[in-house]
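Only one structure is covered here, and it is reproduced in the block below.
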Amino acid sequence: MKSRRQAGFVLLLIVLVMVGIGGAVLLVTLAASGASTERAIAVQASNSDLLRMARESVLGYAIGRFGGASSRPGQLPVPDTLRNSNYDGNADTGSCLDSSKVNGGPPMLTSATGNLRCLGRLPWKTLGIEVAGADEFDILGRVPWYAVSENLADISNCMTYLNPGTAAGSTASFSTCNDAGPAWPWLKVCDDTGRLVSDRVAVVLIMPGSPLSTTGRTQTRTGSPHPQPGDYLDAIPTPAAWVALAPSVRCSAYDNAGLTGEFVSAPLSTSFNDQLIYITIDELMGAIESRVATQVRESFISYRTAHPPMAVVSYPWLAPISNLSSGTDATIAQPGTLSGLVSFHTPTATSGQKFKTELAWKITTTSGSDTITSGLLPTRFSCFGGTYQCRLRTAGYGSISSTVTTANFAPLKTSSVLTPSVSCARSTDSELNCDLYSYVVSPTTSVSYYVQRRLVGTTPWSDYGGPYVGTQTRTVTIATQTGFAAGGGGVTILNADATHTVRRGFTGAGGGISDFLEAVDTWVPAAVGTAPFDLWVGSVQAGKASTLGTNGTITVSNIRVYPDLPAWYFTEKWYEYLYAAISPDVAPPNLVPCAANCFTAGARGNIDIVVISSGNALASQTRYAGTPGVTDFLEAPNSTSATTKAFAAPNQTRTSSYADSVVTIPR
């Protein structure tokens, strides 16, 4: 009995020992499994951090492309491919891959075509980030992969303008370089069910996992010369539900290395370990718009620093928002305009950068310095399609003499005229080129005349008819010599800022004109269709009196150097999207302390200036036809005009019905 009890006890001990051993094995196994899971989680977290850092670096690069002749906001680097036979972390020079070739090449594309595909490793050195353990083969997949829309990386800028309007466009497939929208479709991202997540993707970033057997291939990252995209990036089988989806809401390929412009995001598995994030063009353009608005704001601040509050003008006038339909004249500033488009200069001389200024004169020289030109000017003119020459005669066919005399010219010299009708553009820091300025003196005088004509090159003159009724008008024209040096020529061109003694050259559009001020009499027909004046362009009869360029003074009351902005602001047509409003307290020429007239922007008060990027036009907005108004650019509360003094907060979220990006001064 005792022996049986001992045997049972031994058996129990054996069982307990076995259980203990099994438990220990189980604990060890669970511990090992936990460590592996923790490592996997840690790797994924580390990869996610690197992807987020890469994403922010790409965004930073896009909004930092503000300098250099070929730079423009939104332009992104070409991926690091095997175009130059290495993976060195630098963006490749030239164009991207050729999707018609295996793995994109060789040879690589040298021009923009429908086959262009921008896929490769992240150019981490170009972006200024560190990737620990990066090497040519990257067996462990430490370097993110980077796909970028050809619209943003194509060095030929086949997407002609990169701004909110063109970025909002879409194309079915590459056809040709495009002024109105993108030349290529944006990238697509789909999920593992086959459903489209976004078809307006600008950038895709993929963190590859370790090599595996994925759909269609087994990855290997050794060998010569270097591993290819398919050795890093994974694929999934075509989802079963794919066929039930409409083509507009699905992808056609589910291979991240396929050079199709389509990418897939799927759960991690034994055959798929890519981690993917992306940036849409709308998100990217939103960040760029905020950056451009900030650039404009800083140009205003720099402008005021150069023109301190003691000046007559603190901030510049703006251009009426209705100007946008006038094309290159859109940013000609209008004195008195406190809300509208921003007038500007760029470092390079380009068209469309003029601004209007207020011009006043007072000539006090004696009449003896006037030059009087009498007689008919010209004596003859082309008429009736140029077949004939015509000339004017008084009753009895006598010559028409000039009526401009010293006596009737003198009052013009002593009068003062203030009118905002001169357009100027800066040629250098010390010279402004301005259009000719004309002022029509009233009243006009009724006249009658007769016409004689002859065939070109023949004589004599023959009577044509009359009398023809018209009016005689007097036009005063300001046209000065070019290239005045400071204090030179006896002519003073004063800046509005009287505390700054900068004198600026005032150049007539015709060039080389020596007259400082001239009065011209012109015959004008009474109605369209009255022969022969409707067939003639120019002054038919002109009696001229002028004051020489060495006499008198012009004072220009608002001729200022407008804010400087980079060349891309003009070449990419960003001036069509930037709006500003200036508080009356800091607008020219008040300069009184900010008080009740200051703006608000959300909860912020005491705002001097708001700068707003208007984004692409919404469906209800029309900007390029008729006479656009503030509601065609901005959304409420910004669209209620500057007189309300209330604007949206700078951090107000953009939505499908609110596309504005607001920045303020003070910041």
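By order of appearance in the structure tokens: chains A, B, ..., then residues from 1 within every chain, and ligands from 1 in the order shown.
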
As a VMD selection string, please: all residues of region 187-337 of chain A that backbone DSSP puts in strand (DSSP E).
-> chain A and resid 187 to 191 196 to 207 213 to 214 217 to 218 262 to 265 275 to 280

Please identify all polymer residues within 12 Å of Trp461 (chain A), counting only C-alpha atoms, omitting same-chain residues fewer than 4 positions from it, and present them as an MDAnalysis selection string.
-> chainID A and resid 380 388:393 397 451:457

I need the chosen residues saved as a CSV table (one decimal), in the first residue's frame, with C-alpha atoms.
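File out.csv, as written:
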chain,number,residue,atom,x,y,z
A,380,ARG,CA,-1.7,116.9,-95.5
A,388,TYR,CA,-5.9,110.0,-101.3
A,389,GLN,CA,-4.2,112.8,-99.5
A,390,CYS,CA,-6.4,115.4,-97.8
A,391,ARG,CA,-6.0,118.8,-96.3
A,392,LEU,CA,-8.1,121.2,-94.4
A,393,ARG,CA,-9.1,124.7,-95.4
A,397,TYR,CA,-9.9,127.5,-98.9
A,451,VAL,CA,-11.6,119.5,-97.3
A,452,GLN,CA,-9.5,119.3,-100.4
A,453,ARG,CA,-8.0,116.0,-101.7
A,454,ARG,CA,-5.8,114.6,-104.4
A,455,LEU,CA,-4.6,111.2,-105.4
A,456,VAL,CA,-1.3,110.3,-103.7
A,457,GLY,CA,1.6,111.9,-105.5

Pick out the residues sitting within 10 Å of Gln295 (chain A), and hand them over as a CSV table (one decimal) with C-alpha atoms, in the first residue's frame; count only C-alpha atoms, and ignore anything fewer than 2 positions along from it in its own chain.
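To be explicit, this is the file written out as part.csv:
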chain,number,residue,atom,x,y,z
A,66,PHE,CA,11.1,81.1,-53.9
A,289,GLU,CA,-0.9,79.7,-50.8
A,290,SER,CA,-0.3,80.5,-47.2
A,291,ARG,CA,3.4,80.8,-47.9
A,292,VAL,CA,2.8,83.1,-50.9
A,293,ALA,CA,0.5,85.3,-48.8
A,297,ARG,CA,2.9,90.4,-46.3
A,298,GLU,CA,6.7,90.5,-45.7
A,299,SER,CA,7.1,92.6,-48.8
A,300,PHE,CA,4.6,95.1,-47.3
A,301,ILE,CA,6.6,95.1,-44.1
A,564,ASP,CA,9.4,93.8,-54.4
A,565,LEU,CA,8.3,90.3,-55.1
A,566,PRO,CA,10.2,87.4,-56.8
A,569,TYR,CA,5.1,86.1,-58.6
A,611,VAL,CA,-3.3,89.8,-47.2
A,663,VAL,CA,-2.2,86.6,-43.0

Report as a tab-separated table (two decimals) with N, CA and C atoms, in the first residue's frame all protein, DNA and RNA residues lying within 6 Å of region 68-84 of chain A, evaluated on only C-alpha atoms, omitting residues in the same chain fewer than 5 positions from it.
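File written: part_13.tsv
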chain	number	residue	atom	x	y	z
A	62	ALA	N	8.69	72.32	-51.20
A	62	ALA	CA	7.74	72.89	-52.16
A	62	ALA	C	7.46	74.36	-51.87
A	63	ILE	N	7.30	74.71	-50.59
A	63	ILE	CA	6.98	76.09	-50.26
A	63	ILE	C	8.22	76.95	-50.12
A	90	ASN	N	20.72	61.96	-53.67
A	90	ASN	CA	20.54	63.25	-54.35
A	90	ASN	C	19.50	63.12	-55.45
A	91	ALA	N	18.73	64.19	-55.64
A	91	ALA	CA	17.78	64.22	-56.75
A	91	ALA	C	18.52	64.12	-58.06
A	92	ASP	N	18.00	63.32	-58.98
A	92	ASP	CA	18.63	63.20	-60.29
A	92	ASP	C	18.42	64.48	-61.09
A	119	LEU	N	9.34	58.16	-60.19
A	119	LEU	CA	9.36	57.23	-59.07
A	119	LEU	C	10.80	56.85	-58.77
A	120	GLY	N	11.16	56.85	-57.50
A	120	GLY	CA	12.50	56.45	-57.11
A	120	GLY	C	12.64	56.56	-55.61
A	121	ARG	N	13.88	56.47	-55.16
A	121	ARG	CA	14.11	56.63	-53.73
A	121	ARG	C	14.05	58.10	-53.36
A	122	LEU	N	13.71	58.36	-52.11
A	122	LEU	CA	13.63	59.73	-51.62
A	122	LEU	C	15.01	60.40	-51.73
A	123	PRO	N	15.10	61.56	-52.38
A	123	PRO	CA	16.38	62.28	-52.45
A	123	PRO	C	16.65	62.99	-51.12
A	152	LEU	N	4.79	68.40	-61.27
A	152	LEU	CA	5.56	69.16	-60.29
A	152	LEU	C	7.06	68.93	-60.41
A	153	ALA	N	7.47	67.85	-61.07
A	153	ALA	CA	8.90	67.54	-61.15
A	153	ALA	C	9.48	67.67	-62.55
A	568	TRP	N	8.84	84.80	-59.93
A	568	TRP	CA	7.76	83.83	-60.10
A	568	TRP	C	6.40	84.43	-59.79
